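S.K.: Before I ask anything, let me first share the structure, which is written out below as structure tokens.
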Amino acid sequence: MATHKMSIEVMMDTLRVYESTGKNLAQAAKSIGVPRQTFQHRLFTAQERFPEGIPEAAYNQQVWTYPRMVTMEAPGTRWIIGSDLHVWSGEPTLIYKAFVKVSKALKVDGIIMNGDVIDGARISRHPAVRGSKAPKIEVEIDTAKKWLRMLPNAKYKLWTMGNHDARVDNYVAANANEMDGYIMSLADHFKDWKFSYAFDINGTEVRHRFRGGIHAGWNNALHSGVNIITGHTHQLQITAMRDRNGSRWGVETGTLADPFGPQFEYAEGSPSRSQQGFAVVTFDGEGRMLPPELCEMVGGRPVFRGDHVF
């Protein structure tokens, strides 16, 4: 059967996708759902047709402010993943100090802040609490910089955009759009961190949020079809989903903040499923994610691998 000739539109889209992923062949192929070899063939054809590079017409489509997904191949690595720091000001929480200590002790290859490092209470669309002493956003950012400098200089430092993190850029867009090129974005403040809405590491997906509710971990693994690590719910749990394809994991990374801190006064102190903690994941030499591990607060002290961190 004769193959169809590739259209100019497909060629331009292939070049555009390749450029938008930083010329990452694996990521570009995955972003449009085709095998790597297929995308490589399309790219070769497109580059033959357009040897001078991508035509101007291929840029007509809008691009995302932050990458939709960054794909990485990093077999034989260990990662520490924490989320929902909800920085205000002052000293870090005990669980965050444990996050720092464990990351140094394990000599992790990668650190992931899985969203909502910033709280952004003063620039929220939600009404302010009367008498609240919420810090200005510049104080939150400066505090976050100070706390993040406590971490070791790992090979990979990744940050998934959380809904609270997005408040920074969204506020500028809503209130000072004409100064967009003058005012720094959140990512501009943290240039040593790589930002994306999600990361694919050896086929394991890390993003701030997907499904919600008490069964979020199960539903995340079910509906994504892959190992998936999320924050947002402030729940700390590992859900194993097992079927004829083997095991995959839905991991929720809890919170690095104090659930009863002033950031959460809106919850009125009611009982919740929030739990302070974080996750550690290891990939073997073939890139398979091994059973994940959790550190969590027990009796007011962080516990990891059956022992107190402090």
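Every chain in the structure tokens has a letter given in the order shown (A, B, ...), and although residue numbers restart at 1 in each chain, ligands are simply numbered from 1 in the order shown.
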Can you tell me, as a list in words, what residues are no more than 12 Å from Asn24 in chain A when counting only C-alpha atoms, ignoring any on the same chain fewer than 3 positions away?

M.R.: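 Close residues of Asn24 in chain A: Leu15, Arg16, Val17, Tyr18, Glu19, Ser20, Thr21, Gln27, Ala28, Ala29, Lys30, Ser31, Arg36, Phe39, Gln40, Leu43, Met69, Val70, Thr71, Met72 and Glu73 of chain A.
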
S.K.: Let's see if you can do this: from backbone DSSP, list all alpha helix (DSSP H) residues in range 182-273 of chain A, as number ranges by chain.

M.R.: A: 186-189, 216-224

S.K.: Which one of A:Ser274, A:Thr160, A:Asn114, A:Asn202 sits closest to Arg288 in chain A if you count only C-alpha atoms?

M.R.: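 The closest residue to Arg288 in chain A is A:Asn202.
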
S.K.: Using only C-alpha atoms, tabulate the residues of range 7-116 of chain A lying at most 6 Å from any atom of range 131-145 of chain A, each with its closest atom pair and that distance in Å to one decimal, by chain and increasing residue number, as JSON lines.

M.R.:
```
{"residue": "A:Val87", "atom": "CA", "partner": "A:Glu140", "partner_atom": "CA", "distance": 5.8}
{"residue": "A:Trp88", "atom": "CA", "partner": "A:Glu140", "partner_atom": "CA", "distance": 5.2}
{"residue": "A:Ser89", "atom": "CA", "partner": "A:Thr143", "partner_atom": "CA", "distance": 5.8}
```

S.K.: What would the file look like if the residues just selected were written as a compact mmCIF listing (two decimals), in the first residue's frame with N, CA and C atoms?

M.R.:
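Generated output (out.txt):
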```
# COMPACT_ATOMS: atom_id res chain seq x y z
N VAL A 87 4.38 28.88 51.37
CA VAL A 87 5.26 29.79 52.11
C VAL A 87 4.53 31.06 52.51
N TRP A 88 4.73 31.50 53.75
CA TRP A 88 4.32 32.83 54.19
C TRP A 88 5.59 33.60 54.56
N SER A 89 6.04 33.47 55.76
CA SER A 89 7.28 34.12 56.20
C SER A 89 7.77 33.39 57.45
```

S.K.: Could you list, with a cut-off of 10 Å and counting only C-alpha atoms, the residues of range 20-126 of chain A near range 214-232 of chain A, each shown with its nearest atom pair and the distance in Å rounded to one decimal, rows sorted by chain and ascending number, as JSON lines?

M.R.:
```
{"residue": "A:Ile81", "atom": "CA", "partner": "A:Ile229", "partner_atom": "CA", "distance": 8.6}
{"residue": "A:Gly82", "atom": "CA", "partner": "A:Gly231", "partner_atom": "CA", "distance": 7.8}
{"residue": "A:Ser83", "atom": "CA", "partner": "A:Gly231", "partner_atom": "CA", "distance": 5.5}
{"residue": "A:Asp84", "atom": "CA", "partner": "A:His232", "partner_atom": "CA", "distance": 6.6}
{"residue": "A:Met113", "atom": "CA", "partner": "A:Gly231", "partner_atom": "CA", "distance": 9.5}
{"residue": "A:Asn114", "atom": "CA", "partner": "A:Gly231", "partner_atom": "CA", "distance": 6.2}
{"residue": "A:Gly115", "atom": "CA", "partner": "A:Gly231", "partner_atom": "CA", "distance": 6.9}
{"residue": "A:Asp116", "atom": "CA", "partner": "A:His232", "partner_atom": "CA", "distance": 7.6}
```

S.K.: List every residue of range 22-214 of chain A that DSSP, applied to the backbone, labels as strand (DSSP E), and write the result as an MDAnalysis selection string.

M.R.: chainID A and resid 70:72 78:82 110:113 156:160 194:196 198:201 204:207
